[in-house]
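Source file: run.txt; contents: compact mmCIF, C-alpha atoms and all ligand atoms.
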```
# COMPACT_ATOMS: atom_id res chain seq x y z
CA VAL W 10 51.43 -5.90 -8.24
CA GLU W 11 49.43 -8.17 -10.53
CA PRO W 12 45.68 -7.44 -10.15
CA PRO W 13 43.51 -10.31 -8.90
CA ILE W 14 41.47 -12.42 -11.31
CA LEU W 15 38.99 -13.10 -8.52
CA THR W 16 38.13 -11.20 -5.36
CA LEU W 17 35.70 -12.60 -2.81
CA ARG W 18 33.83 -10.19 -0.56
CA LEU W 19 31.17 -10.53 2.10
CA ASP W 20 29.31 -7.26 1.56
CA ASP W 21 32.27 -4.79 1.60
CA GLU W 22 34.71 -6.96 3.50
CA GLU W 23 37.38 -8.69 1.42
CA ILE W 24 37.68 -12.42 2.19
CA LEU W 25 40.30 -13.45 -0.34
CA ALA W 26 41.87 -12.63 -3.70
CA VAL W 27 43.31 -14.95 -6.35
CA ARG W 28 45.95 -13.85 -8.88
CA ALA W 29 46.41 -15.47 -12.31
CA GLY W 30 49.68 -17.19 -11.36
CA GLU W 31 47.99 -18.87 -8.39
CA ALA W 32 45.38 -20.84 -10.39
CA PRO W 33 44.50 -23.68 -10.21
CA VAL W 34 43.89 -23.32 -6.52
CA ALA W 35 41.45 -24.42 -3.81
CA LEU W 36 40.83 -22.07 -0.89
CA ASN W 37 38.82 -22.76 2.24
CA PRO W 38 37.80 -19.57 4.05
CA ASP W 39 35.32 -19.74 6.94
CA ILE W 40 32.75 -16.97 6.95
CA GLN W 41 30.66 -15.94 9.93
CA LEU W 42 27.17 -14.63 9.29
CA THR W 43 26.16 -11.92 11.73
CA ARG W 44 22.94 -10.53 10.30
CA PRO W 45 20.31 -11.23 7.64
CA GLY W 46 20.84 -9.97 4.11
CA GLU W 47 24.58 -10.52 3.80
CA VAL W 48 25.75 -11.05 0.21
CA LEU W 49 28.80 -12.95 -1.01
CA HIS W 50 30.31 -11.26 -4.08
CA PHE W 51 32.75 -13.00 -6.44
CA VAL W 52 34.24 -10.16 -8.47
CA ASP W 53 36.24 -10.89 -11.61
CA SER W 54 39.07 -8.87 -13.24
CA ARG W 55 36.54 -6.87 -15.24
CA GLY W 56 34.67 -5.83 -12.13
CA ASP W 57 31.70 -8.06 -12.97
CA SER W 58 30.23 -9.72 -9.95
CA HIS W 59 28.49 -13.05 -9.21
CA SER W 60 26.56 -12.28 -6.05
CA TYR W 61 24.89 -14.82 -3.76
CA ASP W 62 22.41 -13.58 -1.19
CA LEU W 63 23.00 -15.68 1.94
CA SER W 64 19.71 -14.69 3.62
CA SER W 65 18.16 -18.15 3.36
CA LEU W 66 21.18 -19.64 5.18
CA TYR W 67 21.00 -17.08 7.96
CA ASP W 68 17.23 -17.44 8.27
CA GLU W 69 17.65 -21.19 8.72
CA GLY W 70 19.96 -20.63 11.68
CA TRP W 71 23.36 -21.23 10.08
CA ARG W 72 26.03 -18.84 11.35
CA PHE W 73 29.16 -20.29 9.76
CA VAL W 74 29.75 -20.88 6.06
CA HIS W 75 32.78 -23.15 5.59
CA LEU W 76 33.54 -22.30 1.99
CA SER W 77 35.53 -24.22 -0.56
CA VAL W 78 36.43 -22.13 -3.61
CA ARG W 79 38.11 -24.01 -6.41
CA VAL W 80 39.53 -22.09 -9.36
CA GLY W 81 40.28 -24.69 -12.00
CA PRO W 82 42.97 -24.80 -14.72
CA THR W 83 40.42 -23.46 -17.24
CA PHE W 84 39.36 -20.67 -14.84
CA ALA W 85 36.06 -22.27 -13.91
CA VAL W 86 35.11 -21.30 -10.35
CA GLN W 87 33.29 -23.90 -8.24
CA PRO W 88 32.25 -22.64 -4.82
CA ASP W 89 30.51 -24.83 -2.27
CA ALA W 90 30.16 -24.80 1.47
CA LEU W 91 29.33 -26.74 4.59
CA LEU W 92 27.11 -24.95 7.09
CA THR W 93 27.27 -25.08 10.88
CA ARG W 94 25.63 -23.19 13.71
CA ASP W 95 28.72 -22.97 15.94
CA GLY W 96 31.67 -23.04 13.54
CA GLY W 97 33.00 -26.39 14.79
CA ASP W 98 33.83 -29.57 12.83
CA PRO W 99 31.85 -28.99 9.60
CA ASP W 100 32.70 -32.40 8.10
CA GLY W 101 31.64 -34.24 11.23
CA ALA W 102 28.44 -32.20 11.54
CA PHE W 103 27.55 -32.98 7.92
CA ALA W 104 28.25 -36.69 8.36
CA ARG W 105 26.01 -36.73 11.46
CA HIS W 106 23.24 -34.95 9.46
CA GLU W 107 23.49 -31.99 11.85
CA GLY W 108 25.10 -29.71 9.28
CA ARG W 109 24.05 -29.02 5.72
CA GLY W 110 25.83 -28.29 2.48
CA VAL W 111 25.17 -25.75 -0.20
CA ARG W 112 26.54 -25.66 -3.75
CA LEU W 113 26.88 -22.21 -5.25
CA GLN W 114 26.24 -21.92 -8.97
CA PRO W 115 29.63 -22.22 -10.70
CA PHE W 116 30.81 -19.64 -13.21
CA THR W 117 33.75 -19.00 -15.52
CA LEU W 118 36.23 -16.15 -15.28
CA PRO W 119 36.88 -14.01 -18.37
CA GLU W 120 40.48 -15.38 -18.45
CA SER W 121 39.06 -18.73 -19.69
CA GLY W 122 38.29 -17.25 -23.11
CA VAL W 123 35.26 -19.54 -23.29
CA PRO W 124 32.07 -17.80 -24.44
CA ALA W 125 29.35 -17.54 -21.80
CA GLU W 126 26.83 -20.37 -21.65
CA PRO W 127 23.49 -19.55 -23.26
CA PRO W 128 20.82 -18.79 -20.63
CA GLY W 129 18.33 -21.42 -19.55
CA GLY W 130 20.65 -24.43 -19.41
CA GLY W 131 20.07 -27.54 -17.31
CA LEU W 132 21.65 -28.20 -13.93
CA PHE W 133 24.29 -30.57 -15.32
CA ARG W 134 25.34 -27.98 -17.88
CA ARG W 135 25.51 -25.36 -15.15
CA GLY W 136 27.77 -27.55 -13.00
CA LEU W 137 25.19 -27.80 -10.21
CA HIS W 138 25.02 -31.59 -10.58
CA TYR W 139 27.62 -33.93 -12.05
CA PRO W 140 26.75 -36.83 -14.36
CA GLY W 141 27.52 -40.15 -12.70
CA LEU W 142 27.87 -38.63 -9.23
CA ILE W 143 24.96 -38.59 -6.82
CA THR W 144 24.39 -35.23 -5.15
CA ASN W 145 23.89 -35.77 -1.40
CA GLY W 146 20.33 -34.85 -0.37
CA GLY W 147 21.74 -32.63 2.39
CA VAL W 148 23.23 -30.32 -0.23
CA SER W 149 20.97 -27.61 -1.65
CA LEU W 150 21.74 -25.35 -4.60
CA LEU W 151 22.23 -21.59 -4.50
CA CYS W 152 21.28 -20.39 -7.97
CA ILE W 153 21.50 -17.01 -9.67
CA CYS W 154 18.77 -16.12 -12.16
CA ASP W 155 20.08 -15.52 -15.70
CA HIS W 156 17.58 -12.70 -16.07
CA CYS W 157 17.22 -10.73 -12.80
CA ARG W 158 20.48 -11.98 -11.18
CA LYS W 159 18.71 -12.56 -7.88
CA THR W 160 19.56 -15.58 -5.73
CA PHE W 161 17.22 -18.48 -5.06
CA ARG W 162 17.79 -21.82 -3.39
CA LEU W 163 16.71 -25.16 -4.78
CA GLN W 164 16.31 -28.57 -3.21
CA SER W 165 16.90 -31.31 -5.77
CA PHE W 166 15.65 -34.87 -5.63
CA HIS W 167 16.78 -37.77 -7.79
CA ALA W 168 13.60 -38.59 -9.73
CA GLY W 169 15.00 -41.86 -11.08
CA PHE W 170 15.88 -43.31 -7.68
CA SER W 171 12.51 -42.32 -6.25
CA ASP W 172 10.51 -43.61 -9.25
CA LEU W 173 8.92 -40.22 -9.80
CA VAL W 174 8.07 -37.99 -12.69
CA TYR W 175 8.12 -34.28 -11.98
CA LEU W 176 6.44 -31.39 -13.76
CA TYR W 177 6.80 -27.65 -13.22
CA CYS W 178 3.96 -25.15 -12.95
CA SER W 179 3.24 -22.75 -15.80
CA ARG W 180 3.33 -19.72 -13.48
CA GLY W 181 5.77 -20.15 -10.63
CA LEU W 182 8.39 -22.34 -9.02
CA HIS W 183 5.90 -25.05 -8.03
CA THR W 184 6.57 -28.73 -8.61
CA LEU W 185 4.30 -31.72 -8.88
CA VAL W 186 5.47 -35.31 -8.62
CA ALA W 187 3.70 -38.56 -9.46
CA SER W 188 4.70 -42.19 -9.76
CA SER W 189 6.71 -42.94 -12.88
CA TYR W 190 4.78 -46.24 -13.15
CA LEU W 191 1.49 -44.51 -14.00
CA PRO W 192 0.13 -45.04 -17.55
CA ASP W 193 1.52 -42.50 -20.04
CA ALA W 194 4.07 -41.12 -17.54
CA PRO W 195 7.10 -39.75 -19.41
CA THR W 196 10.28 -41.82 -18.94
CA LEU W 197 13.67 -40.52 -17.84
CA LEU W 198 16.60 -40.67 -20.27
CA ARG W 199 14.34 -41.35 -23.27
CA PRO W 200 12.52 -38.87 -25.51
CA ALA W 201 8.91 -38.65 -24.41
CA ASP W 202 6.03 -39.46 -26.75
CA PRO W 203 4.09 -36.18 -27.09
CA GLU W 204 0.68 -37.89 -27.31
CA SER W 205 1.24 -40.00 -24.19
CA VAL W 206 2.51 -36.94 -22.33
CA ALA W 207 -0.55 -34.94 -23.38
CA ARG W 208 -2.85 -37.69 -22.03
CA PHE W 209 -0.88 -37.75 -18.78
CA GLU W 210 -0.96 -33.95 -18.42
CA GLY W 211 -4.69 -33.93 -19.10
CA ARG W 212 -5.34 -35.95 -15.93
CA LEU W 213 -3.34 -33.68 -13.61
CA PRO W 214 -4.97 -31.20 -11.23
CA PRO W 215 -4.19 -27.49 -11.40
CA CYS W 216 -1.36 -26.18 -9.22
CA GLY W 217 -2.43 -26.20 -5.59
CA GLU W 218 -0.52 -23.00 -4.94
CA CYS W 219 -1.44 -20.75 -7.87
CA GLY W 220 -3.91 -22.57 -10.16
CA GLY W 221 -1.37 -22.85 -12.98
CA GLU W 222 -0.94 -25.90 -15.20
CA PHE W 223 1.64 -28.64 -14.83
CA ARG W 224 3.24 -29.46 -18.16
CA TYR W 225 6.20 -31.69 -18.93
CA LEU W 226 8.00 -29.00 -20.95
CA ASN W 227 7.27 -26.10 -18.60
CA PRO W 228 10.51 -24.45 -17.50
CA LEU W 229 11.66 -24.16 -13.92
CA ARG W 230 10.98 -20.47 -13.33
CA CYS W 231 12.89 -17.97 -11.21
CA PRO W 232 10.77 -17.32 -8.11
CA HIS W 233 11.58 -13.60 -8.26
CA CYS W 234 10.99 -12.57 -11.89
CA LYS W 235 9.31 -15.78 -13.21
CA GLU W 236 11.61 -15.97 -16.24
CA PRO W 237 12.75 -19.49 -17.24
CA TYR W 238 15.85 -20.76 -15.43
CA ILE W 239 15.85 -24.31 -16.79
CA ASP W 240 14.35 -23.61 -20.19
CA PHE W 241 13.44 -26.98 -21.70
CA ALA W 242 11.67 -25.49 -24.72
CA ASN W 243 14.84 -23.71 -25.86
CA HIS W 244 17.22 -26.58 -25.01
CA PRO W 245 16.02 -29.64 -26.95
CA GLY W 246 17.07 -32.96 -25.44
CA VAL W 247 17.67 -31.54 -21.97
CA ARG W 248 14.31 -32.51 -20.48
CA GLU W 249 14.78 -36.27 -20.38
CA GLN W 250 18.39 -35.88 -19.18
CA GLU W 251 17.49 -33.73 -16.17
CA TYR W 252 16.85 -36.59 -13.79
CA TYR W 253 16.97 -34.30 -10.78
CA GLY W 254 13.67 -32.57 -10.08
CA ASN W 255 13.71 -29.42 -7.99
CA TYR W 256 11.56 -27.33 -5.72
CA LEU W 257 12.10 -24.12 -3.86
CA TYR W 258 14.09 -24.84 -0.70
CA GLY W 259 11.72 -24.89 2.27
CA GLY W 260 8.73 -25.12 -0.06
CA THR W 261 6.46 -28.06 -0.69
CA LEU W 262 6.39 -30.74 -3.33
CA GLN W 263 2.86 -31.38 -4.60
CA ARG W 264 2.16 -35.11 -4.88
CA TRP W 265 -0.47 -36.49 -7.19
CA GLU W 266 -2.09 -39.90 -7.05
CA PRO W 267 -4.79 -40.74 -9.58
CA PRO W 268 -8.30 -41.33 -8.21
CA GLN W 269 -9.00 -45.01 -7.57
CA GLU W 270 -10.82 -46.70 -10.44
CA PRO W 271 -14.27 -47.94 -9.36
CA HIS W 272 -14.06 -51.62 -8.51
CA PRO W 273 -15.46 -53.78 -11.35
CA GLY W 274 -18.98 -54.86 -10.50
CA ALA W 275 -19.28 -52.40 -7.61
ZN ZN V 301 1.81 -22.87 -9.42
ZN ZN V 302 14.80 -13.88 -12.01
```

The structure given in the file should be rewritten as structure tokens.
Ligand SMILES: [Zn+2]
Ligand SMILES: [Zn+2]
Amino acid sequence: VEPPILTLRLDDEEILAVRAGEAPVALNPDIQLTRPGEVLHFVDSRGDSHSYDLSSLYDEGWRFVHLSVRVGPTFAVQPDALLTRDGGDPDGAFARHEGRGVRLQPFTLPESGVPAEPPGGGLFRRGLHYPGLITNGGVSLLCICDHCRKTFRLQSFHAGFSDLVYLYCSRGLHTLVASSYLPDAPTLLRPADPESVARFEGRLPPCGECGGEFRYLNPLRCPHCKEPYIDFANHPGVREQEYYGNYLYGGTLQRWEPPQEPHPGA
């Protein structure tokens, strides 16, 4: 029997297997969560595993993960899921804003022959957002750190549609937003002027959670090991293209408004 190119397991329990002749294929297994700490493992033909810790889903009260696993013609694997508490009607629950969605970080099987992406890429490059398609705000992102391989969950927001600039903290996964109409605010989709950005950064308060500094080119850091996950400094041109800002799912977005100028003549 031909060995599988992809095996999906929840902890030790096999959910499905895909053989080379079956790709491209889309499979839709429903998974029931029964306890905290369950891990979904996508194991390739070399035995390497992409493992997603589902704890944050369980902790939020979701008990059913309605998975969609697409294995494309080039052996890219795109898993995403709708979440329900009772296992019933996931599409209806999502449409009624009762359910949620989660996109699992895509990856490529060794059969693709494509070299692995360099670490630190943006969310479009990673296949977590698609250019020209708006990601529904009810869909969060289940990411795997390039460095420590641990799972963390991000909530994205479309900075362009909300007229915001976002900056990441120098120390942790903390995010500050401010109006994109403020003087010197860096502009989306255009290279930023370093001197304007420096003036803008100089007015910002320290991070309210850790005292770190908000800088335009700070990376988004893994909350576990603090290594860069979106590494703007090592990926020139990515910063202005990443029009989704992110914060840790369930965390807070720090909002900054400049102090009011004294009224002339006051
Ligand atoms: Zn911080
Ligand atoms: Zn990490």

Using all atoms listed in the file: which of W:Phe103, W:Tyr253, W:Phe133, W:Phe161 has the shortest distance to Asp62 of chain W: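 So, comparing all the options, the nearest one is W:Phe161.
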
Selection within 7 Å of ligand ZN 301 (chain V) by all atoms listed in the file, output as number ranges by chain: W: 178-183, 216-221

Separation of atom CA of Leu185 of chain W from atom CA of Thr261 of chain W in Å: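 Atom CA of Thr261 of chain W sits 9.2 Å away from atom CA of Leu185 of chain W.
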
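For the residues W:Ala242, W:Tyr177, W:Gly129, W:Cys157, ranking by smallest atom-to-atom distance to Glu222 of chain W using all atoms listed in the file places W:Tyr177 first.
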
At most 12 Å from ligand ZN 302 (chain V) (all atoms listed in the file): residue list as a ChimeraX atom specification: /W:128-129,152-161,181-182,229-239

Atom CA of Glu251 of chain W to atom CA of Val174 of chain W, straight-line distance in Å: 10.9 Å

10 Å contact set for Asn145 of chain W, all atoms listed in the file, chain neighbours under 2 positions out, as a ChimeraX atom specification: /W:109-110,142-143,147-149,165-167

Atomic distance atom CA of Val206 of chain W - atom CA of Arg134 of chain W, expressed in Å with one decimal: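 We find that atom CA of Val206 of chain W and atom CA of Arg134 of chain W lie 24.9 Å from each other.
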